[in-house]
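Colleague: Below is the file data25.cif, with mmCIF, C-alpha atoms.
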data_final
#
loop_
_atom_site.label_atom_id
_atom_site.label_comp_id
_atom_site.auth_asym_id
_atom_site.auth_seq_id
_atom_site.Cartn_x
_atom_site.Cartn_y
_atom_site.Cartn_z
CA MET A 1 57.45 23.67 145.21
CA PRO A 2 60.48 24.42 143.05
CA SER A 3 62.37 27.63 143.69
CA THR A 4 61.20 30.60 141.65
CA THR A 5 64.27 32.72 142.08
CA GLY A 6 67.74 32.72 140.59
CA ARG A 7 70.42 34.96 142.06
CA GLU A 8 73.96 36.04 141.62
CA SER A 9 76.04 37.15 144.58
CA ILE A 10 74.81 40.74 144.57
CA SER A 11 76.06 43.64 146.62
CA SER A 12 73.72 46.00 148.40
CA SER A 13 73.79 49.27 150.26
CA SER A 14 74.07 47.36 153.51
CA GLY A 15 77.78 46.92 153.02
CA LEU A 16 78.65 45.51 149.60
CA LYS A 17 78.93 47.33 146.28
CA ARG A 18 75.99 47.39 143.93
CA ARG A 19 77.00 46.66 140.33
CA LYS A 20 76.08 49.01 137.53
CA ASN A 21 73.94 47.81 134.61
CA MET A 22 72.83 44.62 136.30
CA GLN A 23 70.51 42.76 133.94
CA ALA A 24 67.66 40.64 135.26
CA VAL A 25 64.73 38.71 133.82
CA LEU A 26 61.21 38.79 135.25
CA TYR A 27 59.06 35.89 134.06
CA VAL A 28 55.35 36.65 134.45
CA SER A 29 53.06 33.64 134.29
CA HIS A 30 49.27 33.79 134.40
CA GLY A 31 48.78 32.34 137.89
CA SER A 32 46.48 29.64 139.25
CA ARG A 33 45.07 28.36 142.52
CA VAL A 34 46.10 24.86 141.42
CA GLU A 35 49.51 23.97 142.83
CA GLU A 36 50.22 21.53 139.98
CA THR A 37 49.69 24.33 137.47
CA ARG A 38 52.18 26.58 139.23
CA SER A 39 54.68 23.74 139.54
CA GLU A 40 54.43 23.01 135.82
CA ALA A 41 54.93 26.68 134.99
CA VAL A 42 58.02 26.89 137.17
CA ALA A 43 59.46 23.66 135.71
CA CYS A 44 59.02 24.90 132.13
CA ILE A 45 60.45 28.33 132.90
CA GLU A 46 63.45 26.81 134.69
CA LYS A 47 64.19 24.69 131.60
CA ALA A 48 64.05 27.79 129.39
CA GLN A 49 66.16 29.80 131.85
CA ALA A 50 68.90 27.16 131.55
CA HIS A 51 69.44 28.47 127.99
CA VAL A 52 69.61 32.13 129.06
CA ASN A 53 72.91 33.69 130.09
CA VAL A 54 71.44 35.96 132.78
CA PRO A 55 71.78 34.47 136.27
CA LEU A 56 69.49 36.96 138.01
CA TYR A 57 65.82 36.18 137.44
CA LYS A 58 62.48 35.86 139.18
CA ILE A 59 59.24 34.01 138.41
CA CYS A 60 56.01 35.74 139.39
CA TYR A 61 52.31 35.70 138.54
CA LEU A 62 49.82 38.16 137.12
CA GLU A 63 46.98 37.12 139.39
CA ILE A 64 45.72 34.66 142.00
CA ALA A 65 49.15 33.23 142.95
CA SER A 66 52.17 34.66 144.75
CA PRO A 67 54.61 36.29 144.29
CA ASN A 68 52.91 38.96 142.21
CA VAL A 69 54.59 41.33 139.74
CA ALA A 70 55.34 44.00 142.35
CA ASP A 71 56.96 41.41 144.63
CA GLY A 72 59.05 40.08 141.76
CA VAL A 73 60.31 43.49 140.68
CA GLU A 74 61.07 44.52 144.25
CA GLU A 75 63.16 41.40 144.86
CA LEU A 76 65.13 41.86 141.65
CA VAL A 77 65.84 45.52 142.48
CA GLN A 78 66.88 44.60 146.00
CA ASN A 79 69.28 42.10 144.48
CA GLY A 80 70.88 44.78 142.32
CA ALA A 81 68.91 44.80 139.07
CA SER A 82 69.13 48.01 137.08
CA GLU A 83 67.63 46.59 133.86
CA ILE A 84 64.71 44.17 133.90
CA ALA A 85 63.47 42.29 130.85
CA VAL A 86 59.82 41.46 131.49
CA VAL A 87 58.88 38.20 129.76
CA PRO A 88 55.17 37.34 129.57
CA VAL A 89 54.74 33.57 129.84
CA LEU A 90 51.73 33.69 127.54
CA LEU A 91 50.85 31.86 124.35
CA LEU A 92 49.09 34.69 122.51
CA SER A 93 48.66 38.46 122.71
CA ALA A 94 45.46 39.39 124.54
CA GLY A 95 44.28 41.55 127.42
CA HIS A 96 46.97 40.45 129.86
CA TYR A 97 49.68 41.39 127.36
CA TYR A 98 48.22 44.69 126.18
CA LYS A 99 46.65 46.03 129.37
CA ASP A 100 47.15 44.19 132.66
CA LEU A 101 50.89 43.63 132.59
CA PRO A 102 51.76 47.10 131.19
CA GLU A 103 49.67 48.67 133.98
CA GLU A 104 51.61 46.67 136.59
CA ILE A 105 54.95 47.70 135.13
CA LYS A 106 53.89 51.33 134.86
CA HIS A 107 53.46 51.33 138.63
CA MET A 108 56.91 49.75 138.99
CA GLN A 109 58.45 52.39 136.72
CA GLU A 110 57.02 55.07 138.99
CA ARG A 111 58.31 53.28 142.08
CA PHE A 112 61.78 52.52 140.64
CA PRO A 113 62.50 55.33 138.13
CA SER A 114 66.19 54.44 137.86
CA VAL A 115 65.40 50.91 136.62
CA THR A 116 64.99 50.28 132.88
CA PHE A 117 62.19 47.90 131.91
CA THR A 118 61.96 46.21 128.53
CA TYR A 119 59.11 44.01 127.31
CA GLY A 120 59.15 40.61 125.64
CA LYS A 121 56.48 39.03 123.47
CA PRO A 122 54.14 36.08 123.97
CA LEU A 123 55.06 32.98 121.99
CA GLY A 124 52.61 33.89 119.23
CA VAL A 125 51.99 31.88 116.07
CA GLN A 126 55.04 29.82 115.13
CA ASP A 127 55.46 26.75 112.94
CA ARG A 128 57.52 25.01 115.62
CA LEU A 129 54.62 25.36 118.06
CA VAL A 130 52.30 23.79 115.51
CA ASP A 131 54.86 20.97 115.33
CA VAL A 132 54.37 20.53 119.08
CA LEU A 133 50.65 20.05 118.46
CA VAL A 134 51.39 17.50 115.72
CA ASP A 135 53.62 15.64 118.16
CA ARG A 136 50.88 15.66 120.79
CA ILE A 137 48.37 14.34 118.23
CA GLU A 138 50.70 11.56 117.12
CA SER A 139 51.11 10.55 120.76
CA THR A 140 47.32 10.10 121.00
CA THR A 141 47.38 6.70 119.36
CA THR A 142 43.86 5.33 119.91
CA LEU A 143 42.39 7.00 116.82
CA GLN A 144 45.59 7.76 114.99
CA ASN A 145 45.06 5.50 111.97
CA SER A 146 41.48 6.61 111.31
CA PRO A 147 40.14 9.53 109.26
CA LEU A 148 40.12 12.18 111.94
CA ASN A 149 38.56 15.47 112.81
CA LEU A 150 40.56 17.78 115.03
CA LEU A 151 39.08 20.32 117.43
CA LEU A 152 41.59 23.01 118.36
CA VAL A 153 40.59 24.64 121.65
CA GLY A 154 41.83 28.11 122.59
CA ARG A 155 41.38 29.88 125.91
CA GLY A 156 39.53 32.76 124.22
CA SER A 157 39.69 36.54 124.36
CA ARG A 158 37.67 39.59 123.39
CA LYS A 159 40.64 40.70 121.29
CA PRO A 160 39.86 39.81 117.64
CA GLU A 161 43.50 38.99 116.92
CA THR A 162 43.30 36.07 119.35
CA LYS A 163 40.70 34.41 117.11
CA ARG A 164 42.79 35.20 114.06
CA ASP A 165 45.82 33.60 115.69
CA ILE A 166 43.94 30.42 116.65
CA GLU A 167 42.49 30.17 113.15
CA SER A 168 45.96 30.63 111.68
CA ILE A 169 47.26 27.85 113.92
CA ALA A 170 44.35 25.64 112.82
CA ASN A 171 45.20 26.24 109.16
CA LYS A 172 48.85 25.40 109.75
CA LEU A 173 47.86 22.31 111.70
CA LYS A 174 45.67 21.05 108.86
CA SER A 175 48.49 21.55 106.37
CA LYS A 176 50.87 19.51 108.55
CA THR A 177 48.47 16.60 109.12
CA ASN A 178 46.28 14.31 107.03
CA VAL A 179 43.12 14.97 109.01
CA SER A 180 39.75 15.57 107.42
CA ASN A 181 38.89 18.78 109.28
CA VAL A 182 40.26 21.15 111.89
CA ASP A 183 37.56 23.04 113.75
CA VAL A 184 38.21 25.70 116.38
CA CYS A 185 36.42 26.69 119.56
CA TYR A 186 37.09 28.66 122.74
CA LEU A 187 36.67 28.21 126.47
CA ALA A 188 35.71 31.80 127.28
CA ALA A 189 35.01 35.31 125.97
CA CYS A 190 34.22 34.34 122.36
CA GLY A 191 32.67 31.63 120.26
CA PRO A 192 32.10 29.02 119.14
CA THR A 193 32.07 27.55 122.63
CA PHE A 194 33.66 24.25 123.62
CA GLU A 195 30.29 22.50 123.57
CA GLU A 196 29.51 23.94 120.14
CA GLY A 197 32.91 22.83 118.89
CA LEU A 198 32.39 19.31 120.21
CA GLU A 199 29.01 19.10 118.52
CA THR A 200 30.45 20.27 115.20
CA SER A 201 33.47 17.97 115.31
CA LEU A 202 31.47 14.88 116.31
CA SER A 203 28.85 15.53 113.62
CA ARG A 204 31.39 15.49 110.81
CA ALA A 205 32.01 12.42 108.69
CA GLY A 206 34.98 10.39 109.86
CA GLU A 207 35.99 7.79 112.36
CA GLY A 208 36.61 9.99 115.36
CA ALA A 209 37.64 13.30 116.84
CA ILE A 210 40.71 14.47 118.69
CA VAL A 211 40.46 17.50 120.93
CA VAL A 212 43.67 19.55 120.88
CA PRO A 213 43.90 22.04 123.78
CA TYR A 214 46.05 25.05 122.95
CA LEU A 215 46.78 25.56 126.62
CA TRP A 216 50.21 25.73 128.22
CA PHE A 217 49.69 24.08 131.61
CA THR A 218 47.18 21.94 133.45
CA GLY A 219 44.46 23.43 135.63
CA LEU A 220 40.72 23.63 136.07
CA LEU A 221 40.10 24.13 132.34
CA ILE A 222 42.04 21.02 131.34
CA ARG A 223 40.31 19.00 134.05
CA SER A 224 36.83 20.10 133.01
CA MET A 225 37.61 19.37 129.36
CA GLN A 226 38.86 15.89 130.20
CA GLU A 227 35.74 15.19 132.26
CA ARG A 228 33.55 16.14 129.29
CA ILE A 229 35.61 13.96 126.94
CA ASP A 230 35.25 11.02 129.34
CA GLU A 231 31.47 11.53 129.39
CA LEU A 232 31.32 11.48 125.59
CA LYS A 233 33.47 8.36 125.41
CA ALA A 234 31.23 6.63 127.94
CA ALA A 235 28.28 7.54 125.71
CA GLY A 236 29.91 5.73 122.80
CA HIS A 237 31.63 8.53 120.92
CA SER A 238 35.08 8.02 119.39
CA ILE A 239 36.92 10.96 120.87
CA GLU A 240 40.25 11.58 122.59
CA MET A 241 42.11 14.60 123.96
CA THR A 242 45.80 15.23 123.48
CA HIS A 243 48.13 16.33 126.22
CA TYR A 244 48.47 20.10 126.60
CA LEU A 245 51.69 21.91 125.62
CA GLN A 246 53.44 21.87 129.04
CA ASP A 247 57.26 21.64 128.79
CA HIS A 248 57.61 20.07 125.35
CA PRO A 249 61.14 20.83 124.05
CA GLY A 250 59.67 23.00 121.29
CA ILE A 251 57.85 25.13 123.87
CA VAL A 252 60.95 25.45 126.06
CA GLU A 253 63.03 26.52 123.06
CA ALA A 254 60.44 29.08 121.97
CA LEU A 255 60.26 30.61 125.46
CA ALA A 256 64.06 30.79 125.73
CA ASP A 257 64.17 32.60 122.38
CA ARG A 258 61.56 35.12 123.58
CA VAL A 259 63.73 35.83 126.62
CA LYS A 260 66.78 36.41 124.44
CA GLU A 261 64.76 38.77 122.22
CA ALA A 262 63.59 40.72 125.27
CA LEU A 263 67.18 41.05 126.43
CA GLN A 264 68.17 42.48 123.06
CA ASN A 265 65.27 44.92 123.04
CA LYS A 266 66.71 48.41 123.61
CA GLU A 267 63.37 50.20 123.67
CA SER A 268 62.04 50.96 127.13
CA PHE A 269 58.79 49.44 128.30
CA PRO A 270 55.75 51.16 126.76
CA VAL A 271 54.13 53.52 129.24
CA LEU A 272 50.35 53.57 129.10
CA SER A 273 48.70 56.97 128.73
#
Could you write out this file's structure as structure tokens?

Modeller:
Amino acid sequence: MPSTTGRESISSSSGLKRRKNMQAVLYVSHGSRVEETRSEAVACIEKAQAHVNVPLYKICYLEIASPNVADGVEELVQNGASEIAVVPVLLLSAGHYYKDLPEEIKHMQERFPSVTFTYGKPLGVQDRLVDVLVDRIESTTTLQNSPLNLLLVGRGSRKPETKRDIESIANKLKSKTNVSNVDVCYLAACGPTFEEGLETSLSRAGEGAIVVPYLWFTGLLIRSMQERIDELKAAGHSIEMTHYLQDHPGIVEALADRVKEALQNKESFPVLS
């Protein structure tokens, strides 16, 4: 497992001087029981971190995996951090961004009142991320020269803006490709469901369908989607699935830019009421 910590030579109260205004970055990924998922997250974050001029950083997880947010903050503070830019390693704004992570950091503010926390943004809707999807589609060559239907698959959320964001991405994707249709569906929390999306996409006129997962890393969702695609192919359907986003250069660049924005953010972390 790659290292999840970057450190400077930091002084401490045990004998060395602690620097004032020591900036640090806390990357908060979703978390997974699947080791490959965590390894992919770390690899992508490390590539982004290489473009960030802040040597002190820590990678942690919101749930399931370790270290958690509290562990990450504690280690950064122990290593001298007085300002921590919290960077959510998330594609879109949903419950984790608006509720779960702010609640975690509120507890850390209470525990470390002398530390300043600032908050970054998820990657959001960006043309360069749509370009990543186009690249992934073009790399799926089996059906590339046929009239195609695309099925864009989001993770899903009860937040209505998540659906708006996925639909916006779908519209941008259609404008950047020559496909016949771009349908959308979701894996959880909202509809249409993945099965409903597959049915719609395969029922449309055209020579085939390409499923485009708007997911950052591998995991149980990607595996279950691929198993379903394989079943449909075995049944005679013309359907393929692109690779997920992973550490495409466009994704790495977008994450690095979000870190730099968080470092420039002078407003303290929002405290929940």

Colleague: At what distance in Å, to one decimal, does CA of Gly197 in chain A lie from CA of Phe217 in chain A?

Modeller: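 Spanning CA of Phe217 in chain A to CA of Gly197 in chain A is a straight-line distance of 21.1 Å.
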
Colleague: I would like the residues chosen by the PyMOL selection byres ((chain A and resi 154) around 10) on the shown file; could you give them as a short mmCIF file (atom, residue, chain, number, x, y, z; two decimals) with C-alpha atoms, in the coordinates of the input?

Modeller:
data_model
loop_
_atom_site.label_atom_id
_atom_site.label_comp_id
_atom_site.auth_asym_id
_atom_site.auth_seq_id
_atom_site.Cartn_x
_atom_site.Cartn_y
_atom_site.Cartn_z
CA LEU A 91 50.85 31.86 124.35
CA LEU A 92 49.09 34.69 122.51
CA LEU A 151 39.08 20.32 117.43
CA LEU A 152 41.59 23.01 118.36
CA VAL A 153 40.59 24.64 121.65
CA ARG A 155 41.38 29.88 125.91
CA GLY A 156 39.53 32.76 124.22
CA SER A 157 39.69 36.54 124.36
CA THR A 162 43.30 36.07 119.35
CA LYS A 163 40.70 34.41 117.11
CA ASP A 165 45.82 33.60 115.69
CA ILE A 166 43.94 30.42 116.65
CA GLU A 167 42.49 30.17 113.15
CA VAL A 184 38.21 25.70 116.38
CA CYS A 185 36.42 26.69 119.56
CA TYR A 186 37.09 28.66 122.74
CA LEU A 187 36.67 28.21 126.47
CA ALA A 188 35.71 31.80 127.28
CA CYS A 190 34.22 34.34 122.36
CA THR A 193 32.07 27.55 122.63
CA PHE A 194 33.66 24.25 123.62
CA VAL A 212 43.67 19.55 120.88
CA PRO A 213 43.90 22.04 123.78
CA TYR A 214 46.05 25.05 122.95
CA LEU A 215 46.78 25.56 126.62
#

Colleague: Within 8 Å of Pro122 in chain A, counting all atoms listed in the file, which residues qualify if same-chain residues fewer than 3 places away don't, as a PDB file with C-alpha atoms, in the coordinates of the input?

Modeller:
ATOM      1  CA  VAL A  87      58.880  38.200 129.760  1.00  0.00           C
ATOM      2  CA  PRO A  88      55.170  37.340 129.570  1.00  0.00           C
ATOM      3  CA  VAL A  89      54.740  33.570 129.840  1.00  0.00           C
ATOM      4  CA  LEU A  90      51.730  33.690 127.540  1.00  0.00           C
ATOM      5  CA  LEU A  91      50.850  31.860 124.350  1.00  0.00           C
ATOM      6  CA  LEU A  92      49.090  34.690 122.510  1.00  0.00           C
ATOM      7  CA  SER A  93      48.660  38.460 122.710  1.00  0.00           C
ATOM      8  CA  TYR A  97      49.680  41.390 127.360  1.00  0.00           C
ATOM      9  CA  ARG A 258      61.560  35.120 123.580  1.00  0.00           C
TER      10      ARG A 258
END

Colleague: Using all atoms listed in the file, can you tell me which of A:Gln246, A:Arg228, A:Tyr57, A:Ile222 comes closest to Ser39 in chain A?

Modeller: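 Closest to Ser39 in chain A, using all atoms listed in the file: A:Gln246.
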
Colleague: To one decimal in Å, tell me the separation between CA of Ala94 in chain A and CA of Lys159 in chain A.

Modeller: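 CA of Ala94 in chain A sits 6.0 Å away from CA of Lys159 in chain A.
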
Colleague: From the set A:Asn149, A:Asn21, A:Gln264, A:Thr140, which residue has the shortest atom-to-atom contact distance to Ser180 in chain A, counting all atoms listed in the file?

Modeller: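 For Ser180 in chain A, the nearest of the candidates is A:Asn149.
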
Colleague: Calculated over all atoms listed in the file, which of the candidates A:Leu26, A:Ala81, A:Leu129, A:Val134 has the smallest distance to Gln49 in chain A?

Modeller: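 Closest residue, counting all atoms listed in the file: A:Leu26.
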
Colleague: Considering all atoms listed in the file, can you say which of A:Ser224, A:Ser238, A:Gln126, A:Thr177 comes closest to Ser201 in chain A?

Modeller: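 When distances to Ser201 in chain A are compared using all atoms listed in the file, the smallest one comes from A:Ser238.
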
Colleague: Which residue, A:Met241, A:Leu56, A:Val77, A:Ala70, has the smallest gap to Ile137 in chain A when you use all atoms listed in the file?

Modeller: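 Smallest separation from Ile137 in chain A among the options: A:Met241.
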
Colleague: Using only C-alpha atoms for the distances, tell me which of A:Leu198, A:Val130, A:Leu150, A:Met108 is nearest to Val182 in chain A.

Modeller: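 Of A:Leu198, A:Val130, A:Leu150, A:Met108, the one nearest Val182 in chain A, counting only C-alpha atoms, is A:Leu150.
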
Colleague: Please provide as a PyMOL selection string all residues within 12 Å of Thr116 in chain A, with the sequence filter that same-chain residues fewer than 3 positions apart are discarded (counting all atoms listed in the file).

Modeller: chain A and resi 21-25+73+77+81-86+105-106+108-113+119+263+265-271

Colleague: So how many Å separate CA of Thr200 in chain A and CA of Leu220 in chain A, to one decimal?

Modeller: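 That distance, rounded to one decimal, is 23.5 Å.
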
Colleague: Pull out every residue that the PyMOL selection byres ((chain A and resi 32) around 8) matches in the shown coordinates and put them as a PDB file with C-alpha atoms, in the frame of the given file.

Modeller:
ATOM      1  CA  HIS A  30      49.270  33.790 134.400  1.00  0.00           C
ATOM      2  CA  GLY A  31      48.780  32.340 137.890  1.00  0.00           C
ATOM      3  CA  ARG A  33      45.070  28.360 142.520  1.00  0.00           C
ATOM      4  CA  VAL A  34      46.100  24.860 141.420  1.00  0.00           C
ATOM      5  CA  GLU A  35      49.510  23.970 142.830  1.00  0.00           C
ATOM      6  CA  THR A  37      49.690  24.330 137.470  1.00  0.00           C
ATOM      7  CA  ARG A  38      52.180  26.580 139.230  1.00  0.00           C
ATOM      8  CA  GLU A  63      46.980  37.120 139.390  1.00  0.00           C
ATOM      9  CA  ILE A  64      45.720  34.660 142.000  1.00  0.00           C
ATOM     10  CA  ALA A  65      49.150  33.230 142.950  1.00  0.00           C
ATOM     11  CA  GLY A 219      44.460  23.430 135.630  1.00  0.00           C
TER      12      GLY A 219
END

Colleague: Using the chain letters and numbers from the file, give me the residues hit by the PyMOL selection byres ((chain A and resi 132) around 9), as a PDB file with C-alpha atoms, keeping the file's coordinate frame.

Modeller:
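Final output, selection_11.pdb:
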ATOM      1  CA  ASP A 127      55.460  26.750 112.940  1.00  0.00           C
ATOM      2  CA  ARG A 128      57.520  25.010 115.620  1.00  0.00           C
ATOM      3  CA  LEU A 129      54.620  25.360 118.060  1.00  0.00           C
ATOM      4  CA  VAL A 130      52.300  23.790 115.510  1.00  0.00           C
ATOM      5  CA  ASP A 131      54.860  20.970 115.330  1.00  0.00           C
ATOM      6  CA  LEU A 133      50.650  20.050 118.460  1.00  0.00           C
ATOM      7  CA  VAL A 134      51.390  17.500 115.720  1.00  0.00           C
ATOM      8  CA  ASP A 135      53.620  15.640 118.160  1.00  0.00           C
ATOM      9  CA  ARG A 136      50.880  15.660 120.790  1.00  0.00           C
ATOM     10  CA  ILE A 137      48.370  14.340 118.230  1.00  0.00           C
ATOM     11  CA  LEU A 245      51.690  21.910 125.620  1.00  0.00           C
ATOM     12  CA  HIS A 248      57.610  20.070 125.350  1.00  0.00           C
ATOM     13  CA  PRO A 249      61.140  20.830 124.050  1.00  0.00           C
ATOM     14  CA  GLY A 250      59.670  23.000 121.290  1.00  0.00           C
ATOM     15  CA  ILE A 251      57.850  25.130 123.870  1.00  0.00           C
TER      16      ILE A 251
END

Colleague: Report, as JSON, the centre and edge lengths in Å (one decimal) of the axis-aligned box enclosing every listed atom of range 262-267 of chain A, padded by 8 Å on each side.

Modeller:
{"center_x": 65.8, "center_y": 45.5, "center_z": 124.7, "size_x": 20.8, "size_y": 25.5, "size_z": 19.4}

Colleague: As a tab-separated table (two decimals), in the frame of the given file, please: range 171-185 of chain A completed to N, CA, C and O atoms.

Modeller:
chain	number	residue	atom	x	y	z
A	171	ASN	N	44.85	26.41	110.58
A	171	ASN	CA	45.20	26.24	109.16
A	171	ASN	C	46.56	25.58	109.01
A	171	ASN	O	46.75	24.69	108.16
A	172	LYS	N	47.52	26.02	109.80
A	172	LYS	CA	48.85	25.40	109.75
A	172	LYS	C	48.80	23.94	110.19
A	172	LYS	O	49.47	23.08	109.63
A	173	LEU	N	47.98	23.67	111.20
A	173	LEU	CA	47.86	22.31	111.70
A	173	LEU	C	47.27	21.39	110.64
A	173	LEU	O	47.72	20.25	110.47
A	174	LYS	N	46.28	21.87	109.91
A	174	LYS	CA	45.67	21.05	108.86
A	174	LYS	C	46.67	20.76	107.75
A	174	LYS	O	46.71	19.64	107.21
A	175	SER	N	47.51	21.75	107.44
A	175	SER	CA	48.49	21.55	106.37
A	175	SER	C	49.60	20.58	106.77
A	175	SER	O	50.25	19.99	105.92
A	176	LYS	N	49.81	20.40	108.07
A	176	LYS	CA	50.87	19.51	108.55
A	176	LYS	C	50.36	18.11	108.89
A	176	LYS	O	51.14	17.24	109.29
A	177	THR	N	49.06	17.89	108.78
A	177	THR	CA	48.47	16.60	109.12
A	177	THR	C	47.61	16.11	107.96
A	177	THR	O	47.34	16.84	107.01
A	178	ASN	N	47.15	14.87	108.06
A	178	ASN	CA	46.28	14.31	107.03
A	178	ASN	C	44.84	14.20	107.51
A	178	ASN	O	44.09	13.35	107.05
A	179	VAL	N	44.47	15.06	108.45
A	179	VAL	CA	43.12	14.97	109.01
A	179	VAL	C	42.09	15.52	108.04
A	179	VAL	O	42.40	16.26	107.10
A	180	SER	N	40.84	15.13	108.30
A	180	SER	CA	39.75	15.57	107.42
A	180	SER	C	39.40	17.03	107.66
A	180	SER	O	39.20	17.80	106.72
A	181	ASN	N	39.29	17.42	108.93
A	181	ASN	CA	38.89	18.78	109.28
A	181	ASN	C	39.60	19.23	110.54
A	181	ASN	O	39.94	18.42	111.40
A	182	VAL	N	39.80	20.54	110.64
A	182	VAL	CA	40.26	21.15	111.89
A	182	VAL	C	39.28	22.27	112.24
A	182	VAL	O	39.24	23.31	111.58
A	183	ASP	N	38.48	22.03	113.25
A	183	ASP	CA	37.56	23.04	113.75
A	183	ASP	C	38.21	23.76	114.93
A	183	ASP	O	39.14	23.25	115.55
A	184	VAL	N	37.69	24.95	115.24
A	184	VAL	CA	38.21	25.70	116.38
A	184	VAL	C	37.07	26.07	117.31
A	184	VAL	O	35.91	26.23	116.88
A	185	CYS	N	37.39	26.20	118.59
A	185	CYS	CA	36.42	26.69	119.56
A	185	CYS	C	37.19	27.31	120.72
A	185	CYS	O	38.43	27.26	120.76
